[in-house]
Amino acid sequence: MTEAAPASTSASPTARQVWTRARGITLGVVILLAAAVAIAAIRSGAEHGRLDPRSADPYGSRATAELLGDQGVSTRVVTTLDEARAAAGPDTTLLVAAPDLLTDGQQSGLHRATANSGGRTILIAAGAPSLGTLAPGVTADPAISFDSALSPDCDLPAARRAGTADTGGIRYTTTDLGADSCYRSDGLPTLLRLPAPSGKGDTVVVGAPDILYNNRLDKQGNASLTLQLLGSRPHLVWYLPSLSDTSATDAGGKSFLDLLPSGWLWGTLQLFIAAGLAAFWRARRLGPLVPERLPVAIRASETVEGRARLYRKANARDRAAGALRSATRTRLAPLVGVSPAQAHAPEALLPALSAQLHGDGQSSLHPLLFGPPPRDDAALVSLADRLDALESEVRRS
């Protein structure tokens, strides 16, 4: 036999009430999801093949590879650290499209392979995560340049021949006195050429990838600067870091929090602080109780049922028993000649009750009216029955 489901009460919310309360939140979630999907679709289409010399998309670099090919420079794409290290040599230019995506181990391995190779290494939009290893002595300024097109303002022949170019982005500072600092924005360069300590080869750090994009190559002097930087050797190796590279799985013993940029951690902390301030601002201020006339009459049975269900949901048998005993003592006190102020004092109420009941000792009344909370629901029901019986007996006597 299956147990029948409990009948709904007047306090149970209906389906219409649930929908009315939740429709605002549901609508907001749907709008956020739709916006996220739309933004992801737009960005995925616009950023497809970014800095890939095989891609003809606006943010690809196929035009650069074809122009270099016309000048006799071969372009080869590699996606693993082993391939990039093996390709380093005096007749090779190694372009690292996303140096900040490399792990610490990958950066160290790449630097060891290129430091004395005699070739040229080009770092595109390198930031603080990679500069310390791949370009020692170079640091990224926290404030980026919002001016895209900048003038050379240096003696580097490639920059002087190219003229104005779209290198604006990350700005750098360096302790290398022999470095060429070009395309300055507010006094700080966005392009650096660092000679190798051995005197053979160099490292070029470019603050923005715009000069390599298909849709920007024909602007300013971007094409000239790109061909001169990338075409100084007969072979160009284009390194696109990939998650399929087995060397990328070594995080150097770092935890997940260590791999997160510091900006995310500070942003999360600020969100928690903002949420706490908003909760404090919107929290209900408890003041003195103000009696208020109810707009409708509520049946006593509904009030009792609702309060009982709250006690049961909170498993608050102690509070329920305390409420039953307190109400019983309040009603019994005037019946036995005890003032309301002494209704909850055992030394005043129990002797009067014992005398009224003609022989019932205080030892049996004390645990009933002032005893500990019941152990379970059955004991609570038994307590209510005994209190009701006691009040009935006092009224009859």
# chains A, B, ... in the order shown; residues from 1 in each chain; ligands from 1
$ residues_around --residues "segment 160-165 of chain A" --least-positions-apart "3" --cutoff "6 Å" --atoms "only C-alpha atoms" --output "list of chain:residue names"
A:Ala149, A:Leu150, A:Ser151, A:Pro152, A:Pro157, A:Gln220, A:Gly221, A:Asn222, A:Ser224, A:Leu225
$ write_last_selection --atoms "C-alpha atoms" --output "short mmCIF file (atom, residue, chain, number, x, y, z; two decimals), in the first residue's frame"
data_model
loop_
_atom_site.label_atom_id
_atom_site.label_comp_id
_atom_site.auth_asym_id
_atom_site.auth_seq_id
_atom_site.Cartn_x
_atom_site.Cartn_y
_atom_site.Cartn_z
CA ALA A 149 50.05 54.58 -34.70
CA LEU A 150 53.41 55.78 -33.39
CA SER A 151 56.51 57.30 -34.99
CA PRO A 152 59.89 55.47 -34.78
CA PRO A 157 67.26 51.19 -39.55
CA GLN A 220 50.85 53.09 -42.02
CA GLY A 221 54.27 51.47 -42.38
CA ASN A 222 53.13 48.12 -40.97
CA SER A 224 57.56 47.57 -44.26
CA LEU A 225 58.29 47.09 -40.57
#
$ select_by_dssp --residues "segment 92-291 of chain A" --states "helix (DSSP H, G or I)" --output "short mmCIF file (atom, residue, chain, number, x, y, z; two decimals) with N, CA and C atoms, in the first residue's frame"
data_model
loop_
_atom_site.label_atom_id
_atom_site.label_comp_id
_atom_site.auth_asym_id
_atom_site.auth_seq_id
_atom_site.Cartn_x
_atom_site.Cartn_y
_atom_site.Cartn_z
N PRO A 99 53.71 34.57 -26.27
CA PRO A 99 54.69 34.13 -25.25
C PRO A 99 54.11 34.00 -23.85
N ASP A 100 53.07 34.78 -23.54
CA ASP A 100 52.51 34.72 -22.19
C ASP A 100 51.77 33.41 -21.92
N LEU A 101 51.44 32.66 -22.98
CA LEU A 101 50.75 31.39 -22.80
C LEU A 101 51.70 30.25 -22.45
N ASP A 104 56.28 28.27 -17.28
CA ASP A 104 57.64 28.65 -16.86
C ASP A 104 58.68 27.70 -17.42
N GLY A 105 58.35 26.40 -17.42
CA GLY A 105 59.29 25.43 -17.98
C GLY A 105 59.51 25.62 -19.46
N GLN A 106 58.44 25.91 -20.20
CA GLN A 106 58.56 26.14 -21.64
C GLN A 106 59.38 27.40 -21.91
N GLN A 107 59.16 28.45 -21.14
CA GLN A 107 59.92 29.68 -21.35
C GLN A 107 61.41 29.46 -21.10
N SER A 108 61.73 28.72 -20.03
CA SER A 108 63.14 28.47 -19.74
C SER A 108 63.79 27.64 -20.84
N GLY A 109 63.09 26.62 -21.32
CA GLY A 109 63.64 25.79 -22.40
C GLY A 109 63.82 26.56 -23.68
N LEU A 110 62.86 27.43 -24.00
CA LEU A 110 62.97 28.21 -25.23
C LEU A 110 64.11 29.22 -25.14
N HIS A 111 64.27 29.83 -23.97
CA HIS A 111 65.35 30.82 -23.82
C HIS A 111 66.72 30.17 -23.93
N ARG A 112 66.88 28.99 -23.36
CA ARG A 112 68.17 28.30 -23.47
C ARG A 112 68.52 27.96 -24.91
N ALA A 113 67.48 27.65 -25.70
CA ALA A 113 67.73 27.26 -27.09
C ALA A 113 68.04 28.46 -27.98
N THR A 114 67.53 29.64 -27.64
CA THR A 114 67.66 30.80 -28.53
C THR A 114 68.71 31.80 -28.07
N ALA A 128 54.24 40.70 -18.54
CA ALA A 128 55.01 40.35 -17.35
C ALA A 128 55.20 38.85 -17.16
N PRO A 129 54.23 37.98 -17.51
CA PRO A 129 54.44 36.54 -17.28
C PRO A 129 55.62 35.94 -18.03
N SER A 130 56.04 36.53 -19.15
CA SER A 130 57.09 35.91 -19.96
C SER A 130 58.35 36.75 -20.10
N LEU A 131 58.29 38.04 -19.85
CA LEU A 131 59.44 38.90 -20.11
C LEU A 131 60.63 38.55 -19.23
N GLY A 132 60.38 38.21 -17.96
CA GLY A 132 61.49 37.95 -17.07
C GLY A 132 62.38 36.81 -17.52
N THR A 133 61.83 35.85 -18.25
CA THR A 133 62.60 34.70 -18.72
C THR A 133 63.06 34.86 -20.15
N LEU A 134 62.15 35.26 -21.04
CA LEU A 134 62.49 35.33 -22.46
C LEU A 134 63.25 36.60 -22.82
N PRO A 157 67.50 50.99 -38.12
CA PRO A 157 67.26 51.19 -39.55
C PRO A 157 65.90 50.69 -40.01
N ALA A 158 65.47 49.52 -39.54
CA ALA A 158 64.17 48.98 -39.97
C ALA A 158 63.04 49.92 -39.58
N ALA A 159 63.08 50.48 -38.39
CA ALA A 159 62.02 51.38 -37.93
C ALA A 159 62.06 52.70 -38.69
N ARG A 160 63.25 53.23 -38.95
CA ARG A 160 63.35 54.51 -39.66
C ARG A 160 62.84 54.38 -41.09
N ARG A 161 63.14 53.24 -41.75
CA ARG A 161 62.64 53.05 -43.12
C ARG A 161 61.13 52.84 -43.14
N ALA A 162 60.59 52.17 -42.11
CA ALA A 162 59.14 51.90 -42.10
C ALA A 162 58.33 53.14 -41.75
N ASP A 210 49.28 44.18 -34.06
CA ASP A 210 48.53 44.77 -35.17
C ASP A 210 49.29 44.76 -36.50
N ILE A 211 50.61 44.92 -36.45
CA ILE A 211 51.37 45.02 -37.70
C ILE A 211 51.36 43.71 -38.47
N LEU A 212 50.94 42.61 -37.84
CA LEU A 212 50.91 41.30 -38.50
C LEU A 212 49.54 40.92 -39.03
N ASN A 222 53.17 49.44 -41.59
CA ASN A 222 53.13 48.12 -40.97
C ASN A 222 53.81 47.06 -41.84
N ALA A 223 53.51 47.07 -43.14
CA ALA A 223 54.08 46.05 -44.02
C ALA A 223 55.60 46.16 -44.07
N SER A 224 56.11 47.38 -44.19
CA SER A 224 57.56 47.57 -44.26
C SER A 224 58.24 47.10 -42.98
N LEU A 225 57.69 47.49 -41.83
CA LEU A 225 58.29 47.09 -40.57
C LEU A 225 58.22 45.57 -40.39
N THR A 226 57.09 44.98 -40.75
CA THR A 226 56.93 43.53 -40.60
C THR A 226 57.92 42.77 -41.47
N LEU A 227 58.06 43.16 -42.74
CA LEU A 227 58.95 42.44 -43.65
C LEU A 227 60.41 42.59 -43.22
N GLN A 228 60.77 43.73 -42.68
CA GLN A 228 62.16 43.92 -42.26
C GLN A 228 62.47 43.13 -40.98
N LEU A 229 61.52 43.10 -40.03
CA LEU A 229 61.76 42.37 -38.79
C LEU A 229 61.74 40.87 -39.00
N LEU A 230 60.79 40.39 -39.82
CA LEU A 230 60.63 38.95 -40.00
C LEU A 230 61.47 38.40 -41.15
N THR A 246 52.94 18.39 -25.20
CA THR A 246 53.11 17.68 -23.93
C THR A 246 53.89 18.51 -22.91
N SER A 247 54.75 19.41 -23.37
CA SER A 247 55.50 20.22 -22.42
C SER A 247 54.63 21.25 -21.72
N ALA A 248 53.43 21.50 -22.25
CA ALA A 248 52.53 22.48 -21.63
C ALA A 248 51.83 21.91 -20.41
N THR A 249 51.88 20.59 -20.21
CA THR A 249 51.20 19.99 -19.06
C THR A 249 51.98 20.15 -17.78
N PHE A 256 46.19 25.65 -8.86
CA PHE A 256 45.29 26.35 -9.75
C PHE A 256 45.28 27.85 -9.46
N LEU A 257 45.32 28.24 -8.18
CA LEU A 257 45.32 29.66 -7.83
C LEU A 257 46.61 30.34 -8.28
N ASP A 258 47.72 29.61 -8.27
CA ASP A 258 48.98 30.20 -8.72
C ASP A 258 48.95 30.51 -10.22
N LEU A 259 48.17 29.72 -10.97
CA LEU A 259 48.12 29.93 -12.42
C LEU A 259 47.18 31.06 -12.81
N SER A 262 46.97 37.71 -11.24
CA SER A 262 46.67 38.41 -9.99
C SER A 262 45.43 39.30 -10.11
N GLY A 263 45.18 39.81 -11.31
CA GLY A 263 44.00 40.65 -11.50
C GLY A 263 42.70 39.93 -11.21
N TRP A 264 42.63 38.63 -11.54
CA TRP A 264 41.41 37.86 -11.26
C TRP A 264 41.21 37.71 -9.76
N LEU A 265 42.28 37.46 -9.02
CA LEU A 265 42.16 37.29 -7.58
C LEU A 265 41.71 38.59 -6.92
N TRP A 266 42.33 39.72 -7.32
CA TRP A 266 41.91 41.00 -6.75
C TRP A 266 40.48 41.34 -7.16
N GLY A 267 40.11 41.03 -8.39
CA GLY A 267 38.74 41.29 -8.83
C GLY A 267 37.72 40.49 -8.04
N THR A 268 38.04 39.20 -7.76
CA THR A 268 37.14 38.38 -6.96
C THR A 268 37.00 38.93 -5.55
N LEU A 269 38.12 39.36 -4.96
CA LEU A 269 38.06 39.96 -3.62
C LEU A 269 37.20 41.21 -3.61
N GLN A 270 37.33 42.04 -4.64
CA GLN A 270 36.52 43.25 -4.71
C GLN A 270 35.03 42.92 -4.86
N LEU A 271 34.73 41.85 -5.61
CA LEU A 271 33.32 41.45 -5.75
C LEU A 271 32.75 41.01 -4.41
N PHE A 272 33.52 40.26 -3.61
CA PHE A 272 33.04 39.84 -2.31
C PHE A 272 32.82 41.05 -1.40
N ILE A 273 33.74 42.01 -1.44
CA ILE A 273 33.57 43.21 -0.62
C ILE A 273 32.33 43.99 -1.05
N ALA A 274 32.15 44.11 -2.38
CA ALA A 274 30.97 44.83 -2.88
C ALA A 274 29.68 44.12 -2.48
N ALA A 275 29.69 42.76 -2.55
CA ALA A 275 28.50 42.01 -2.16
C ALA A 275 28.20 42.21 -0.67
N GLY A 276 29.26 42.22 0.17
CA GLY A 276 29.06 42.45 1.60
C GLY A 276 28.50 43.82 1.89
N LEU A 277 29.03 44.85 1.19
CA LEU A 277 28.51 46.21 1.39
C LEU A 277 27.06 46.32 0.92
N ALA A 278 26.75 45.65 -0.22
CA ALA A 278 25.36 45.69 -0.70
C ALA A 278 24.42 45.00 0.27
N ALA A 279 24.86 43.86 0.84
CA ALA A 279 24.02 43.17 1.82
C ALA A 279 23.82 44.02 3.07
N PHE A 280 24.89 44.70 3.52
CA PHE A 280 24.76 45.58 4.69
C PHE A 280 23.83 46.75 4.39
N TRP A 281 23.91 47.27 3.15
CA TRP A 281 23.07 48.41 2.77
C TRP A 281 21.59 48.01 2.70
N ARG A 282 21.33 46.82 2.15
CA ARG A 282 19.95 46.40 1.95
C ARG A 282 19.38 45.58 3.10
#
$ atom_distance --atom1 "atom CA of Asn215 of chain A" --atom2 "atom CA of Ser55 of chain A"
11.8 Å
$ closest_residue --among "A:Pro195, A:Gly337, A:Gly168, A:Gly127" --to "Ala98 of chain A" --atoms "only C-alpha atoms"
A:Gly127
$ closest_residue --among "A:Ser145, A:Ser354, A:Ser117, A:Ser181" --to "Thr167 of chain A" --atoms "only C-alpha atoms"
A:Ser145
$ select_by_dssp --residues "segment 97-283 of chain A" --states "strand (DSSP E or B)" --output "compact mmCIF listing (two decimals) with N, CA and C atoms, in the first residue's frame"
# COMPACT_ATOMS: atom_id res chain seq x y z
N ARG A 120 67.33 35.37 -34.70
CA ARG A 120 66.48 36.44 -34.16
C ARG A 120 65.24 35.81 -33.54
N THR A 121 64.89 36.27 -32.35
CA THR A 121 63.66 35.85 -31.68
C THR A 121 62.74 37.06 -31.55
N ILE A 122 61.49 36.91 -31.99
CA ILE A 122 60.52 38.00 -31.95
C ILE A 122 59.39 37.60 -31.01
N LEU A 123 59.16 38.42 -30.00
CA LEU A 123 58.10 38.20 -29.03
C LEU A 123 56.97 39.18 -29.29
N ILE A 124 55.78 38.66 -29.55
CA ILE A 124 54.63 39.50 -29.89
C ILE A 124 53.78 39.73 -28.65
N VAL A 138 63.97 43.27 -19.16
CA VAL A 138 62.86 44.03 -19.73
C VAL A 138 61.63 43.83 -18.83
N THR A 139 60.94 44.92 -18.55
CA THR A 139 59.70 44.85 -17.77
C THR A 139 58.60 45.57 -18.54
N ALA A 140 57.37 45.11 -18.32
CA ALA A 140 56.21 45.71 -18.97
C ALA A 140 55.60 46.77 -18.06
N ALA A 149 49.01 54.18 -33.74
CA ALA A 149 50.05 54.58 -34.70
C ALA A 149 51.07 55.47 -34.01
N LEU A 150 52.34 55.04 -34.03
CA LEU A 150 53.41 55.78 -33.39
C LEU A 150 54.56 55.97 -34.36
N ALA A 165 54.03 53.25 -37.52
CA ALA A 165 53.48 51.89 -37.55
C ALA A 165 52.58 51.69 -36.35
N ASP A 166 51.73 50.67 -36.45
CA ASP A 166 50.76 50.38 -35.38
C ASP A 166 51.37 49.45 -34.34
N TYR A 172 57.38 49.24 -22.60
CA TYR A 172 58.45 48.52 -21.92
C TYR A 172 59.49 49.47 -21.34
N THR A 173 60.20 48.94 -20.36
CA THR A 173 61.42 49.57 -19.85
C THR A 173 62.51 48.50 -19.82
N THR A 174 63.75 48.91 -20.01
CA THR A 174 64.85 47.94 -20.05
C THR A 174 66.09 48.52 -19.39
N ASP A 180 67.84 48.98 -28.67
CA ASP A 180 67.17 49.99 -29.51
C ASP A 180 65.74 50.15 -29.01
N SER A 181 65.38 51.35 -28.60
CA SER A 181 64.05 51.63 -28.07
C SER A 181 63.29 52.51 -29.07
N CYS A 182 62.25 51.94 -29.64
CA CYS A 182 61.53 52.63 -30.73
C CYS A 182 60.05 52.73 -30.42
N TYR A 183 59.41 53.62 -31.19
CA TYR A 183 57.97 53.83 -31.15
C TYR A 183 57.52 54.11 -29.72
N ARG A 184 57.96 55.24 -29.23
CA ARG A 184 57.68 55.62 -27.85
C ARG A 184 56.27 56.19 -27.70
N SER A 185 55.68 55.87 -26.56
CA SER A 185 54.40 56.44 -26.17
C SER A 185 54.54 56.98 -24.75
N LEU A 188 57.92 55.94 -23.18
CA LEU A 188 58.29 54.53 -23.06
C LEU A 188 58.13 53.83 -24.40
N PRO A 189 59.09 52.98 -24.80
CA PRO A 189 59.03 52.34 -26.11
C PRO A 189 58.02 51.20 -26.14
N THR A 190 57.47 50.96 -27.33
CA THR A 190 56.61 49.80 -27.56
C THR A 190 57.29 48.76 -28.44
N LEU A 191 58.53 49.05 -28.85
CA LEU A 191 59.33 48.07 -29.60
C LEU A 191 60.77 48.16 -29.11
N LEU A 192 61.32 47.00 -28.78
CA LEU A 192 62.70 46.92 -28.31
C LEU A 192 63.46 45.88 -29.14
N ARG A 193 64.70 46.22 -29.48
CA ARG A 193 65.61 45.23 -30.07
C ARG A 193 66.78 45.06 -29.12
N LEU A 194 66.93 43.83 -28.60
CA LEU A 194 67.94 43.54 -27.59
C LEU A 194 69.03 42.67 -28.20
N PRO A 195 70.25 43.18 -28.35
CA PRO A 195 71.34 42.35 -28.89
C PRO A 195 71.66 41.20 -27.93
N ASP A 202 69.67 38.50 -31.95
CA ASP A 202 69.01 39.50 -31.11
C ASP A 202 67.60 39.02 -30.79
N THR A 203 66.96 39.77 -29.89
CA THR A 203 65.57 39.54 -29.50
C THR A 203 64.79 40.82 -29.72
N VAL A 204 63.66 40.72 -30.40
CA VAL A 204 62.81 41.87 -30.67
C VAL A 204 61.50 41.69 -29.92
N VAL A 205 61.12 42.68 -29.14
CA VAL A 205 59.87 42.65 -28.38
C VAL A 205 58.95 43.72 -28.96
N VAL A 206 57.77 43.29 -29.42
CA VAL A 206 56.79 44.20 -30.03
C VAL A 206 55.57 44.26 -29.12
N HIS A 235 64.90 31.92 -43.19
CA HIS A 235 63.87 31.01 -42.68
C HIS A 235 63.12 31.67 -41.52
N LEU A 236 61.81 31.56 -41.56
CA LEU A 236 60.96 32.08 -40.49
C LEU A 236 60.19 30.91 -39.88
N VAL A 237 60.34 30.70 -38.59
CA VAL A 237 59.60 29.67 -37.85
C VAL A 237 58.56 30.39 -36.99
N TRP A 238 57.31 30.08 -37.24
CA TRP A 238 56.19 30.76 -36.58
C TRP A 238 55.67 29.84 -35.49
N TYR A 239 55.93 30.19 -34.23
CA TYR A 239 55.58 29.33 -33.11
C TYR A 239 54.23 29.74 -32.54
$ residues_around --residues "Val336 of chain A" --least-positions-apart "4" --cutoff "9 Å" --atoms "only C-alpha atoms" --output "VMD selection string"
chain A and resid 332 349 352 to 353 355 to 356 394
$ closest_residue --among "A:Pro53, A:Gly137, A:Pro234, A:Gly118" --to "Ala196 of chain A" --atoms "only C-alpha atoms"
A:Gly118
$ atom_distance --atom1 "atom CA of Gly287 of chain A" --atom2 "atom CA of Thr328 of chain A"
29.7 Å
$ residues_around --residues "Ala327 of chain A" --least-positions-apart "6" --cutoff "10 Å" --atoms "only C-alpha atoms" --output "number ranges by chain"
A: 321, 343-344, 387
$ write_last_selection --atoms "C-alpha atoms" --output "PDB file, in the first residue's frame"
ATOM      1  CA  ALA A 321       7.401  22.598  24.165  1.00  0.00           C
ATOM      2  CA  ALA A 343       2.930  32.446  36.694  1.00  0.00           C
ATOM      3  CA  HIS A 344       6.356  31.252  35.537  1.00  0.00           C
ATOM      4  CA  LEU A 387      -0.873  19.738  29.622  1.00  0.00           C
TER       5      LEU A 387
END
$ residues_around --residues "Gly371 of chain A" --least-positions-apart "4" --cutoff "10 Å" --atoms "only C-alpha atoms" --output "ChimeraX atom specification"
/A:321-322,325,365-367
